[in-house]
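Structure file query_0.cif with mmCIF, C-alpha atoms:
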```
data_query
loop_
_atom_site.label_atom_id
_atom_site.label_comp_id
_atom_site.auth_asym_id
_atom_site.auth_seq_id
_atom_site.Cartn_x
_atom_site.Cartn_y
_atom_site.Cartn_z
CA MET Z 1 115.22 143.66 120.55
CA PHE Z 2 111.96 141.90 121.42
CA LYS Z 3 112.35 138.96 119.03
CA LYS Z 4 111.96 135.63 120.81
CA GLN Z 5 115.28 133.82 120.74
CA SER Z 6 115.71 130.14 120.03
CA PRO Z 7 117.86 128.06 122.42
CA TYR Z 8 120.60 128.13 119.77
CA GLU Z 9 120.50 131.93 119.58
CA LYS Z 10 120.52 132.23 123.39
CA TYR Z 11 123.51 129.90 123.61
CA GLN Z 12 125.30 131.83 120.88
CA ALA Z 13 124.63 135.10 122.74
CA GLY Z 14 126.03 133.49 125.90
CA LEU Z 15 129.24 132.59 124.09
CA LYS Z 16 129.62 136.18 122.96
CA ALA Z 17 128.88 137.53 126.45
CA ALA Z 18 131.62 135.28 127.85
CA LYS Z 19 133.89 136.34 124.96
CA LEU Z 20 134.25 132.71 123.94
CA ASP Z 21 133.49 133.83 120.39
CA GLU Z 22 136.98 135.32 120.42
CA THR Z 23 138.59 131.92 121.01
CA ALA Z 24 139.52 129.55 118.21
CA LEU Z 25 137.04 126.88 119.33
CA GLY Z 26 134.24 129.41 119.76
CA GLN Z 27 134.79 130.76 116.27
CA GLN Z 28 134.88 127.22 114.87
CA TRP Z 29 131.58 126.41 116.61
CA MET Z 30 129.75 129.39 115.13
CA ALA Z 31 131.32 128.84 111.71
CA ALA Z 32 130.23 125.19 111.79
CA GLY Z 33 126.62 126.22 112.37
CA GLU Z 34 126.64 128.66 109.46
CA ARG Z 35 128.50 126.25 107.17
CA ALA Z 36 125.99 123.49 107.85
CA LEU Z 37 123.17 125.59 106.43
CA GLN Z 38 125.11 126.16 103.22
CA GLN Z 39 126.32 122.56 102.87
CA SER Z 40 123.26 120.50 103.80
CA VAL Z 41 122.98 116.96 102.46
CA PRO Z 42 119.80 115.86 100.64
CA VAL Z 43 117.85 113.05 102.30
CA THR Z 44 114.67 111.14 101.51
CA LEU Z 45 112.20 110.70 104.34
CA PRO Z 46 111.83 108.71 106.48
CA PHE Z 47 115.53 109.01 107.34
CA ARG Z 48 117.74 107.97 110.22
CA GLU Z 49 121.41 108.65 110.77
CA THR Z 50 123.80 107.89 113.64
CA GLY Z 51 126.85 110.08 114.01
CA TYR Z 52 129.55 111.29 116.35
CA PHE Z 53 130.37 114.83 117.42
CA PRO Z 54 133.98 115.28 118.63
CA ALA Z 55 134.62 117.78 121.43
CA ASP Z 56 137.88 119.09 119.97
CA LYS Z 57 136.51 119.88 116.49
CA PRO Z 58 133.11 121.64 116.47
CA LEU Z 59 130.81 120.21 113.81
CA ALA Z 60 127.15 120.50 112.85
CA ALA Z 61 124.99 118.30 110.65
CA SER Z 62 122.37 119.64 108.25
CA TYR Z 63 119.78 117.71 106.23
CA ARG Z 64 117.72 118.97 103.29
CA PHE Z 65 114.33 117.51 102.40
CA THR Z 66 110.95 118.40 100.91
CA VAL Z 67 107.64 117.51 102.55
CA LYS Z 68 104.26 117.74 100.84
CA GLN Z 69 101.69 120.32 101.89
CA GLY Z 70 99.34 118.62 104.32
CA GLN Z 71 102.07 116.78 106.20
CA LYS Z 72 104.09 117.60 109.27
CA VAL Z 73 107.70 116.72 109.84
CA ALA Z 74 108.63 114.99 113.09
CA VAL Z 75 112.24 115.06 114.30
CA LYS Z 76 113.77 113.20 117.20
CA VAL Z 77 117.37 113.06 118.41
CA GLN Z 78 118.78 110.54 120.86
CA THR Z 79 122.22 111.03 122.38
CA GLN Z 80 124.60 108.89 124.35
CA GLY Z 81 128.00 109.41 125.93
CA GLN Z 82 129.70 110.00 129.26
CA GLU Z 83 128.69 113.65 129.25
CA VAL Z 84 125.49 113.89 127.22
CA ALA Z 85 125.56 117.19 125.39
CA GLN Z 86 122.67 119.55 124.85
CA VAL Z 87 121.82 119.28 121.17
CA PHE Z 88 120.21 122.17 119.30
CA LEU Z 89 117.55 121.31 116.71
CA ASP Z 90 116.63 124.09 114.30
CA LEU Z 91 114.35 123.83 111.27
CA PHE Z 92 114.64 126.28 108.38
CA GLU Z 93 112.58 126.96 105.27
CA THR Z 94 114.40 127.91 102.09
CA ASP Z 95 113.36 130.78 99.86
CA PRO Z 96 113.57 129.79 96.16
CA ASP Z 97 114.54 133.38 95.34
CA ASN Z 98 117.21 133.54 98.05
CA PRO Z 99 118.37 130.01 98.97
CA ALA Z 100 121.49 131.34 100.72
CA GLN Z 101 119.36 132.88 103.49
CA PRO Z 102 117.08 130.17 104.94
CA LYS Z 103 114.35 131.30 107.33
CA GLN Z 104 114.04 129.64 110.72
CA VAL Z 105 110.53 128.27 111.23
CA ALA Z 106 110.82 125.91 114.24
CA TYR Z 107 113.16 124.69 116.95
CA ALA Z 108 113.19 122.26 119.85
CA ASP Z 109 113.04 123.72 123.35
CA THR Z 110 115.74 123.10 125.93
CA THR Z 111 113.80 120.33 127.68
CA SER Z 112 113.20 118.28 124.54
CA GLN Z 113 115.25 116.77 121.77
CA SER Z 114 112.33 116.57 119.37
CA LEU Z 115 110.13 118.87 117.32
CA GLU Z 116 107.09 118.72 115.04
CA TYR Z 117 106.23 121.27 112.39
CA GLU Z 118 103.28 121.56 110.00
CA ILE Z 119 104.40 122.26 106.44
CA ASP Z 120 102.65 125.28 104.91
CA GLU Z 121 104.46 125.31 101.59
CA GLU Z 122 106.11 122.56 99.59
CA VAL Z 123 109.65 124.01 99.53
CA PRO Z 124 112.95 122.51 100.69
CA HIS Z 125 113.45 122.57 104.45
CA LEU Z 126 116.74 122.28 106.34
CA LEU Z 127 117.27 120.63 109.71
CA ARG Z 128 120.42 121.63 111.60
CA VAL Z 129 121.71 119.46 114.43
CA GLN Z 130 124.55 120.87 116.55
CA PRO Z 131 125.78 120.12 120.09
CA GLU Z 132 127.00 122.66 122.60
CA LEU Z 133 130.68 123.56 122.67
CA LEU Z 134 133.29 121.17 124.13
CA ARG Z 135 130.93 118.21 124.33
CA SER Z 136 131.40 114.96 122.47
CA GLY Z 137 129.05 112.06 122.00
CA GLN Z 138 127.09 109.85 119.66
CA TYR Z 139 123.71 110.92 118.34
CA THR Z 140 120.92 109.39 116.27
CA VAL Z 141 118.58 111.69 114.35
CA THR Z 142 115.30 110.41 112.95
CA ILE Z 143 113.19 112.48 110.52
CA GLU Z 144 109.73 111.26 109.55
CA THR Z 145 106.50 112.65 108.15
CA MET Z 146 102.99 112.46 109.61
CA PRO Z 147 99.58 113.49 108.24
CA LEU Z 148 98.08 116.71 109.59
CA LEU Z 149 94.58 115.29 109.83
CA ALA Z 150 93.00 112.20 111.33
CA PHE Z 151 91.60 109.70 108.84
CA PRO Z 152 87.96 110.61 108.06
CA VAL Z 153 86.50 107.06 107.92
CA GLN Z 154 86.43 105.09 111.17
CA GLY Z 155 88.56 101.94 111.19
CA LYS Z 156 90.15 102.70 107.80
CA ASP Z 157 93.38 104.27 106.56
CA SER Z 158 94.79 105.47 103.23
CA ARG Z 159 94.82 101.93 101.85
CA ALA Z 160 91.04 102.32 101.47
CA VAL Z 161 91.50 105.16 98.95
CA GLN Z 162 90.65 103.88 95.46
CA SER Z 163 90.11 107.08 93.52
CA PHE Z 164 92.62 109.90 93.68
CA TRP Z 165 92.98 113.63 93.14
CA GLY Z 166 93.00 114.88 89.55
CA GLN Z 167 91.40 111.87 87.85
CA ASP Z 168 88.94 112.54 84.99
CA ARG Z 169 85.25 112.98 85.74
CA ASP Z 170 82.30 113.34 83.31
CA ALA Z 171 84.35 112.12 80.31
CA GLY Z 172 87.13 114.57 81.05
CA ALA Z 173 84.90 117.61 81.51
CA ARG Z 174 86.22 118.10 85.05
CA ARG Z 175 88.82 116.78 87.44
CA HIS Z 176 88.33 114.90 90.68
CA GLU Z 177 88.78 117.48 93.46
CA GLY Z 178 89.28 114.99 96.28
CA ILE Z 179 89.77 111.32 97.13
CA ASP Z 180 87.25 108.48 97.38
CA ILE Z 181 87.50 106.24 100.44
CA PHE Z 182 85.63 102.93 100.11
CA ALA Z 183 84.10 101.12 103.08
CA PRO Z 184 80.86 99.24 103.93
CA ARG Z 185 77.64 101.22 103.94
CA ASN Z 186 76.90 103.02 107.23
CA THR Z 187 80.55 103.01 108.35
CA PRO Z 188 80.94 106.10 110.60
CA VAL Z 189 82.43 109.15 108.88
CA VAL Z 190 84.33 111.19 111.47
CA ALA Z 191 85.77 114.63 112.04
CA ALA Z 192 89.39 114.73 110.87
CA VAL Z 193 89.98 117.94 112.84
CA GLU Z 194 88.51 119.91 115.69
CA GLY Z 195 86.19 122.45 114.14
CA VAL Z 196 82.68 123.78 113.49
CA VAL Z 197 80.11 122.28 111.14
CA THR Z 198 79.18 125.04 108.68
CA ARG Z 199 76.77 123.30 106.27
CA VAL Z 200 74.61 120.17 106.26
CA ASN Z 201 72.62 119.86 103.02
CA THR Z 202 71.90 117.80 99.92
CA THR Z 203 73.21 118.52 96.41
CA PRO Z 204 72.74 116.77 93.04
CA ILE Z 205 76.42 115.77 92.79
CA GLY Z 206 77.48 115.29 96.41
CA GLY Z 207 74.21 113.90 97.68
CA LYS Z 208 74.06 114.25 101.45
CA VAL Z 209 77.06 116.40 102.42
CA VAL Z 210 78.67 117.93 105.50
CA TRP Z 211 81.09 120.87 105.53
CA LEU Z 212 83.49 121.24 108.48
CA SER Z 213 85.49 124.42 109.07
CA ASP Z 214 89.12 124.07 110.19
CA MET Z 215 89.97 127.63 111.25
CA LYS Z 216 93.38 126.67 112.61
CA ARG Z 217 94.58 125.85 109.09
CA GLN Z 218 92.26 128.21 107.22
CA GLN Z 219 90.45 125.50 105.29
CA SER Z 220 87.14 123.63 104.97
CA LEU Z 221 86.68 119.85 104.84
CA TYR Z 222 84.02 118.43 102.51
CA TYR Z 223 82.27 115.10 103.18
CA ALA Z 224 80.01 113.84 100.38
CA HIS Z 225 77.80 110.86 99.33
CA LEU Z 226 76.73 110.21 102.95
CA ASP Z 227 73.90 107.80 103.64
CA SER Z 228 72.85 109.95 106.60
CA GLN Z 229 74.02 113.15 108.38
CA LEU Z 230 74.27 113.17 112.17
CA VAL Z 231 75.31 116.78 112.91
CA GLN Z 232 73.79 120.25 112.62
CA PRO Z 233 75.19 123.57 111.31
CA GLY Z 234 77.01 125.48 114.03
CA GLN Z 235 77.83 122.34 115.99
CA ARG Z 236 81.39 122.18 117.36
CA VAL Z 237 83.06 118.77 117.02
CA SER Z 238 86.27 117.13 118.17
CA ILE Z 239 88.57 114.80 116.27
CA GLY Z 240 86.87 111.41 115.89
CA ASP Z 241 83.30 112.64 116.44
CA THR Z 242 80.84 111.04 114.01
CA LEU Z 243 79.51 113.42 111.34
CA GLY Z 244 77.43 110.91 109.40
CA LEU Z 245 77.32 107.42 107.92
CA LEU Z 246 78.99 106.42 104.68
CA GLY Z 247 76.83 105.78 101.60
CA ASN Z 248 76.53 106.47 97.86
CA THR Z 249 74.02 109.33 97.53
CA GLY Z 250 74.16 112.01 94.83
CA ASN Z 251 75.89 111.06 91.58
CA ALA Z 252 77.49 108.02 93.29
CA LYS Z 253 74.31 105.90 93.12
CA THR Z 254 75.87 103.52 90.58
CA THR Z 255 79.09 102.98 92.57
CA ALA Z 256 79.88 101.10 95.76
CA PRO Z 257 79.45 103.05 99.04
CA HIS Z 258 82.31 105.47 99.61
CA LEU Z 259 83.18 108.86 101.08
CA HIS Z 260 84.25 111.64 98.76
CA PHE Z 261 86.62 113.70 100.92
CA GLY Z 262 87.84 117.11 99.83
CA ILE Z 263 89.82 120.02 101.28
CA TYR Z 264 89.31 123.63 100.22
CA ARG Z 265 91.92 126.14 101.37
CA PHE Z 266 90.66 129.66 102.07
CA GLY Z 267 91.72 131.88 99.17
CA GLN Z 268 93.27 128.96 97.29
CA GLY Z 269 90.53 126.48 96.47
CA ALA Z 270 90.71 122.70 96.31
CA VAL Z 271 93.96 120.93 97.22
CA ASP Z 272 94.94 117.27 97.15
CA PRO Z 273 93.70 115.80 100.46
CA TYR Z 274 95.71 112.58 100.21
CA PRO Z 275 98.91 113.91 101.92
CA TYR Z 276 96.72 115.32 104.72
CA VAL Z 277 95.50 111.85 105.72
CA HIS Z 278 98.18 109.45 104.44
CA GLN Z 279 100.33 107.81 107.11
CA ASP Z 280 103.60 106.54 105.61
CA ARG Z 281 104.26 103.10 107.06
CA THR Z 282 107.82 102.96 105.77
CA LYS Z 283 110.31 102.84 108.62
CA PRO Z 284 113.77 104.40 108.33
CA ALA Z 285 116.41 101.77 107.70
CA PRO Z 286 118.47 100.83 110.78
CA LEU Z 287 122.20 101.42 110.78
CA GLN Z 288 123.90 98.39 109.26
CA ALA Z 289 127.37 99.90 108.94
CA ASP Z 290 129.94 99.41 111.70
CA GLU Z 291 129.33 101.92 114.52
CA LYS Z 292 132.92 101.54 115.70
CA LYS Z 293 134.08 103.58 112.72
CA LEU Z 294 132.01 106.64 113.68
CA GLY Z 295 134.31 109.58 114.40
CA SER Z 296 137.38 107.66 113.21
CA TRP Z 297 139.74 108.15 110.31
CA VAL Z 298 139.51 105.41 107.69
CA ARG Z 299 140.70 105.00 104.12
CA VAL Z 300 139.17 104.06 100.79
CA ALA Z 301 139.52 100.32 100.37
CA LYS Z 302 139.02 100.07 96.60
CA SER Z 303 140.01 102.09 93.56
CA ASN Z 304 137.59 104.51 91.88
CA ALA Z 305 135.16 104.78 94.79
CA SER Z 306 132.31 107.24 94.18
CA LEU Z 307 131.66 109.89 96.80
CA ARG Z 308 127.94 110.65 96.45
CA GLU Z 309 125.68 113.54 97.38
CA ALA Z 310 123.21 111.32 99.26
CA ALA Z 311 123.09 107.86 100.81
CA SER Z 312 122.03 106.10 97.61
CA SER Z 313 123.78 104.45 94.68
CA LYS Z 314 121.52 106.57 92.44
CA ALA Z 315 122.61 109.85 94.01
CA THR Z 316 124.83 112.28 92.14
CA ALA Z 317 128.52 111.37 92.27
CA LEU Z 318 130.52 114.30 93.66
CA GLN Z 319 133.90 112.86 92.76
CA THR Z 320 135.86 109.64 92.34
CA LEU Z 321 138.31 108.81 95.12
CA PRO Z 322 141.54 106.87 94.61
CA GLN Z 323 142.31 103.85 96.76
CA HIS Z 324 143.87 104.70 100.17
CA THR Z 325 142.34 108.21 100.29
CA PRO Z 326 141.96 109.24 103.98
CA LEU Z 327 138.45 110.00 105.25
CA GLN Z 328 136.87 110.85 108.57
CA VAL Z 329 133.60 109.04 109.26
CA LEU Z 330 131.05 111.54 110.60
CA ALA Z 331 127.90 109.42 110.57
CA GLY Z 332 126.24 106.31 109.22
CA SER Z 333 122.87 105.69 107.57
CA ALA Z 334 121.80 102.14 106.63
CA THR Z 335 124.79 100.79 104.63
CA TRP Z 336 126.39 104.19 103.99
CA TYR Z 337 128.83 106.46 105.80
CA ARG Z 338 128.74 110.24 105.67
CA VAL Z 339 132.42 111.11 105.44
CA MET Z 340 134.59 114.20 105.33
CA LEU Z 341 137.73 114.54 103.24
CA SER Z 342 140.76 116.26 104.66
CA ASN Z 343 139.82 119.42 102.71
CA GLY Z 344 136.44 119.58 104.50
CA GLN Z 345 134.24 118.27 101.67
CA GLN Z 346 131.47 115.93 102.80
CA GLY Z 347 129.57 113.18 101.01
CA TYR Z 348 128.32 109.63 101.31
CA LEU Z 349 130.36 106.49 100.64
CA ALA Z 350 129.15 102.90 100.73
CA ALA Z 351 130.37 101.26 103.95
CA SER Z 352 131.83 98.39 101.92
CA LEU Z 353 134.27 100.81 100.30
CA VAL Z 354 136.13 101.85 103.47
CA GLU Z 355 138.53 100.07 105.78
CA THR Z 356 140.22 100.84 109.08
CA LEU Z 357 143.80 102.05 109.44
CA ASP Z 358 144.82 99.07 111.58
CA THR Z 359 147.01 97.55 108.86
CA PRO Z 360 149.59 99.94 107.34
CA ILE Z 361 149.77 100.17 103.58
CA GLN Z 362 153.58 100.19 103.61
CA SER Z 363 156.63 101.38 105.52
CA VAL Z 364 158.83 104.11 104.07
CA ARG Z 365 162.11 105.76 105.02
CA LEU Z 366 162.15 109.55 105.01
CA ARG Z 367 164.56 111.16 102.56
CA GLN Z 368 164.71 114.36 104.60
CA GLU Z 369 163.74 115.74 107.99
CA ALA Z 370 160.00 116.40 108.17
CA PRO Z 371 157.39 117.76 110.62
CA LEU Z 372 154.66 115.38 111.80
CA LEU Z 373 151.61 117.62 111.41
CA ASP Z 374 148.23 117.48 113.16
CA ALA Z 375 146.36 118.14 109.89
CA SER Z 376 146.94 117.84 106.15
CA SER Z 377 147.77 121.48 105.60
CA ALA Z 378 150.86 123.65 105.33
CA GLN Z 379 149.38 125.81 108.11
CA ALA Z 380 148.94 122.80 110.45
CA ALA Z 381 150.83 122.67 113.75
CA PRO Z 382 153.77 120.25 113.97
CA GLN Z 383 153.49 117.64 116.73
CA LYS Z 384 157.16 116.70 116.48
CA SER Z 385 160.02 116.56 114.02
CA LEU Z 386 160.92 113.29 112.27
CA ARG Z 387 164.60 112.69 111.54
CA VAL Z 388 165.97 111.94 108.13
CA ASP Z 389 166.18 108.18 107.45
CA SER Z 390 163.57 107.46 110.13
CA THR Z 391 160.89 104.94 109.22
CA VAL Z 392 157.15 105.59 109.30
CA ARG Z 393 154.19 103.36 108.53
CA VAL Z 394 151.83 104.79 105.91
CA LEU Z 395 148.15 104.57 106.89
CA ALA Z 396 146.51 106.56 104.06
CA LYS Z 397 147.55 108.62 101.04
CA GLN Z 398 146.43 111.70 99.23
CA ASP Z 399 148.24 113.81 96.67
CA GLU Z 400 150.18 116.22 98.90
CA TYR Z 401 150.01 114.66 102.38
CA TRP Z 402 150.20 111.15 103.78
CA LEU Z 403 148.75 109.97 107.08
CA VAL Z 404 151.47 108.05 108.93
CA ARG Z 405 152.41 106.53 112.28
CA ASP Z 406 155.97 106.79 113.60
CA THR Z 407 157.87 104.15 115.60
CA ASN Z 408 156.58 105.65 118.87
CA GLY Z 409 152.96 105.22 117.79
CA THR Z 410 152.26 108.91 117.12
CA THR Z 411 149.89 109.50 114.19
CA GLY Z 412 150.01 112.57 111.99
CA TRP Z 413 150.51 113.94 108.52
CA ILE Z 414 153.69 114.41 106.53
CA PRO Z 415 154.27 116.06 103.13
CA ALA Z 416 154.35 113.32 100.51
CA GLU Z 417 157.45 114.84 98.97
CA VAL Z 418 159.67 113.83 101.91
CA THR Z 419 159.24 110.18 100.97
CA ARG Z 420 160.51 110.62 97.41
#
```
Could the structure of this file be written out as structure tokens, please?
Amino acid sequence: MFKKQSPYEKYQAGLKAAKLDETALGQQWMAAGERALQQSVPVTLPFRETGYFPADKPLAASYRFTVKQGQKVAVKVQTQGQEVAQVFLDLFETDPDNPAQPKQVAYADTTSQSLEYEIDEEVPHLLRVQPELLRSGQYTVTIETMPLLAFPVQGKDSRAVQSFWGQDRDAGARRHEGIDIFAPRNTPVVAAVEGVVTRVNTTPIGGKVVWLSDMKRQQSLYYAHLDSQLVQPGQRVSIGDTLGLLGNTGNAKTTAPHLHFGIYRFGQGAVDPYPYVHQDRTKPAPLQADEKKLGSWVRVAKSNASLREAASSKATALQTLPQHTPLQVLAGSATWYRVMLSNGQQGYLAASLVETLDTPIQSVRLRQEAPLLDASSAQAAPQKSLRVDSTVRVLAKQDEYWLVRDTNGTTGWIPAEVTR
């Protein structure tokens, strides 16, 4: 009763209060949201996709990705259209033991179309994007990662790291529990978080060291091999405050000046600090496919086209599509389209493998009277009846139904058998 509701949950409750959940469109909207969580598409970050949500057919998009511990995921959605819809952004964490029931961990508020979330555990996460009911429009979703901590050496970034987590130390007797960041002697070493200095001392291995407590994330940061220490135990510091100057004290006397930086999680021990401070400079690829096809029906332009699980030629092939198979373009990413077959299956197809329906494949004369249906299903509603011997132009083909246009310009589906 007292659980805080997300904007999505509040909107869903409003639909039920207005009894819109009893209408066909309302039921389709709620089913689309649930289906998206079960049929998410795998993406590699950073990722950007531009798509189209039609008002008359409720849809939702869902993306599956894994982010390393020590990073946060940043999501932003931009919309455009005559009536810009409210878009719900919901982030879920999957349970390896129960993947069918993802747990919601974050959402965007009603005044923002963006969210940031710090990853606690390296498990698959799902992002659902869904507009409100009866609103259409184009959207662009961008998903990127960011480090949780500021970089601990002033004026440097992760390109200055030359020794990484897990490398051998003392002829293999132990492993490197941190990263080494190289810079000129006396470069300021700074607080990567807001916290409290807990220890300032000298040890045989670390030389002059500083320990900084990060209570927000239940961890301690370890700065070693300093040339000098400029803080005292108990001192509270802010991000960017100088803790000391970089050197090569302790067992680093024979190496160039560098900072050994480590992170120790409470109750867990040392973890790889590199994801915590690494800023990925890769930018998501811009959309290179034709935006005019978004939301439209197209057809496969070549034989044996591979429908893939993700927007990559290396992704798993879901199935091979014959030439002229009808598809609806839902979204585009780089040189790929996310498409939906007439049976509802989704996947990615290279943009070069689809073509518009502007030019008919052929013209055929019907051998019997036939309904012109609004979908490729026996349960679809007929738009009109086509007379025997009437001529239609074939726009796309699949086994049981063909997409056609009659002489009056009406487009719909007919059973393939009426042309034989």
Record the distance separating atom CA of Z:Gln80 and atom CA of Z:Asp280, expressed in Å with one decimal.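 Rounded to one decimal, the two atoms are 28.2 Å apart.
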Of the candidates Z:Val339, Z:Ala378, Z:Val210, Z:Leu115, which one gets nearest to Z:Val197 if we count all atoms listed in the file?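 Of all the options, Z:Val210 lies closest to Z:Val197.
Each of Z:Asn251, Z:Leu349, Z:Lys293, Z:Tyr117 was compared to Z:Thr316 using all atoms listed in the file, and Z:Leu349 turns out to be the nearest.
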Of Z:Ala381, Z:Val43, Z:Ala191, Z:Val354, the one nearest to Z:Lys302 when counting all atoms listed in the file is Z:Val354
Target residues per the PyMOL selection byres ((chain Z and resi 340) around 7), formatted as a list in words: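 Evaluating the PyMOL selection byres ((chain Z and resi 340) around 7) on this file yields Leu327, Gln328, Val329, Leu330, Val339, Leu341, Ser342, Gly344, Gln345, Gln346 and Gly347 of chain Z.
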Can I get the selected residues back with C-alpha atoms, as a PDB file, keeping the file's coordinate frame?
```pdb
ATOM      1  CA  LEU Z 327     138.450 110.000 105.250  1.00  0.00           C
ATOM      2  CA  GLN Z 328     136.870 110.850 108.570  1.00  0.00           C
ATOM      3  CA  VAL Z 329     133.600 109.040 109.260  1.00  0.00           C
ATOM      4  CA  LEU Z 330     131.050 111.540 110.600  1.00  0.00           C
ATOM      5  CA  VAL Z 339     132.420 111.110 105.440  1.00  0.00           C
ATOM      6  CA  LEU Z 341     137.730 114.540 103.240  1.00  0.00           C
ATOM      7  CA  SER Z 342     140.760 116.260 104.660  1.00  0.00           C
ATOM      8  CA  GLY Z 344     136.440 119.580 104.500  1.00  0.00           C
ATOM      9  CA  GLN Z 345     134.240 118.270 101.670  1.00  0.00           C
ATOM     10  CA  GLN Z 346     131.470 115.930 102.800  1.00  0.00           C
ATOM     11  CA  GLY Z 347     129.570 113.180 101.010  1.00  0.00           C
TER      12      GLY Z 347
END
```
Minimum-distance residue to Z:Asn408, chosen among Z:Asn343, Z:Gln138, Z:Asn186, Z:Thr391 (using only C-alpha atoms):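 For Z:Asn408, the nearest of the given residues is Z:Thr391.
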Return as JSON lines the residues of stretch 105-217 of chain Z lying at most 10 Å from stretch 252-263 of chain Z, together with the closest atom-to-atom pair for each and the distance in Å to one decimal, counting all atoms listed in the file, with rows in chain order and ascending residue number.
```
{"residue": "Z:Pro152", "atom": "CA", "partner": "Z:Phe261", "partner_atom": "CA", "distance": 7.9}
{"residue": "Z:Val153", "atom": "CA", "partner": "Z:Leu259", "partner_atom": "CA", "distance": 7.8}
{"residue": "Z:Ala160", "atom": "CA", "partner": "Z:His258", "partner_atom": "CA", "distance": 9.5}
{"residue": "Z:Val161", "atom": "CA", "partner": "Z:His258", "partner_atom": "CA", "distance": 9.2}
{"residue": "Z:Gln162", "atom": "CA", "partner": "Z:His258", "partner_atom": "CA", "distance": 9.5}
{"residue": "Z:Ser163", "atom": "CA", "partner": "Z:His260", "partner_atom": "CA", "distance": 9.1}
{"residue": "Z:Phe164", "atom": "CA", "partner": "Z:His260", "partner_atom": "CA", "distance": 9.9}
{"residue": "Z:Trp165", "atom": "CA", "partner": "Z:Gly262", "partner_atom": "CA", "distance": 9.1}
{"residue": "Z:His176", "atom": "CA", "partner": "Z:Gly262", "partner_atom": "CA", "distance": 9.4}
{"residue": "Z:Glu177", "atom": "CA", "partner": "Z:Gly262", "partner_atom": "CA", "distance": 6.4}
{"residue": "Z:Gly178", "atom": "CA", "partner": "Z:Gly262", "partner_atom": "CA", "distance": 4.4}
{"residue": "Z:Ile179", "atom": "CA", "partner": "Z:Phe261", "partner_atom": "CA", "distance": 5.5}
{"residue": "Z:Asp180", "atom": "CA", "partner": "Z:His260", "partner_atom": "CA", "distance": 4.6}
{"residue": "Z:Ile181", "atom": "CA", "partner": "Z:Leu259", "partner_atom": "CA", "distance": 5.1}
{"residue": "Z:Phe182", "atom": "CA", "partner": "Z:His258", "partner_atom": "CA", "distance": 4.2}
{"residue": "Z:Ala183", "atom": "CA", "partner": "Z:His258", "partner_atom": "CA", "distance": 5.8}
{"residue": "Z:Pro184", "atom": "CA", "partner": "Z:Pro257", "partner_atom": "CA", "distance": 6.4}
{"residue": "Z:Arg185", "atom": "CA", "partner": "Z:Pro257", "partner_atom": "CA", "distance": 5.5}
{"residue": "Z:Asn186", "atom": "CA", "partner": "Z:Pro257", "partner_atom": "CA", "distance": 8.6}
{"residue": "Z:Thr187", "atom": "CA", "partner": "Z:His258", "partner_atom": "CA", "distance": 9.2}
{"residue": "Z:Val189", "atom": "CA", "partner": "Z:Leu259", "partner_atom": "CA", "distance": 7.8}
{"residue": "Z:Pro204", "atom": "CA", "partner": "Z:Ala252", "partner_atom": "CA", "distance": 10.0}
{"residue": "Z:Ile205", "atom": "CA", "partner": "Z:Ala252", "partner_atom": "CA", "distance": 7.8}
{"residue": "Z:Gly206", "atom": "CA", "partner": "Z:Ala252", "partner_atom": "CA", "distance": 7.9}
{"residue": "Z:Gly207", "atom": "CA", "partner": "Z:Ala252", "partner_atom": "CA", "distance": 8.0}
{"residue": "Z:Val209", "atom": "CA", "partner": "Z:His260", "partner_atom": "CA", "distance": 9.4}
{"residue": "Z:Trp211", "atom": "CA", "partner": "Z:Gly262", "partner_atom": "CA", "distance": 9.6}
{"residue": "Z:Leu212", "atom": "CA", "partner": "Z:Ile263", "partner_atom": "CA", "distance": 9.7}
{"residue": "Z:Ser213", "atom": "CA", "partner": "Z:Ile263", "partner_atom": "CA", "distance": 9.9}
{"residue": "Z:Asp214", "atom": "CA", "partner": "Z:Ile263", "partner_atom": "CA", "distance": 9.8}
```
Atom-to-atom span, atom CA of Z:Ser62 and atom CA of Z:His125, Å: 10.1 Å
Which residues are near Z:Ala74? Cut-off 6 Å, all atoms listed in the file, ignore same chain within fewer than 2 positions. Put them as a list of chain:residue names.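 Using all atoms listed in the file, the neighbours found are Z:Leu115, Z:Glu116, Z:Ile143, Z:Glu144, Z:Thr145.
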Please measure the separation of atom CA of Z:Gln71 and atom CA of Z:Leu37, giving the value in Å to one decimal. 22.9 Å
Would you kindly return, as a PyMOL selection string, each protein, DNA or RNA residue with an atom no farther than 12 Å from any atom of Z:Ser112, considering only C-alpha atoms and excluding same-chain residues fewer than 2 positions away? chain Z and resi 7+75-79+86-89+107-110+114-116
Taking the file as I've supplied it (selection: the PyMOL selection byres ((chain Z and resi 383-390) around 6)), which residues are included? Please answer as a PDB file with C-alpha atoms, keeping the file's coordinate frame.
```pdb
ATOM      1  CA  ARG Z 365     162.110 105.760 105.020  1.00  0.00           C
ATOM      2  CA  LEU Z 366     162.150 109.550 105.010  1.00  0.00           C
ATOM      3  CA  ARG Z 367     164.560 111.160 102.560  1.00  0.00           C
ATOM      4  CA  GLN Z 368     164.710 114.360 104.600  1.00  0.00           C
ATOM      5  CA  GLU Z 369     163.740 115.740 107.990  1.00  0.00           C
ATOM      6  CA  ALA Z 370     160.000 116.400 108.170  1.00  0.00           C
ATOM      7  CA  PRO Z 371     157.390 117.760 110.620  1.00  0.00           C
ATOM      8  CA  LEU Z 372     154.660 115.380 111.800  1.00  0.00           C
ATOM      9  CA  LEU Z 373     151.610 117.620 111.410  1.00  0.00           C
ATOM     10  CA  PRO Z 382     153.770 120.250 113.970  1.00  0.00           C
ATOM     11  CA  THR Z 391     160.890 104.940 109.220  1.00  0.00           C
TER      12      THR Z 391
END
```
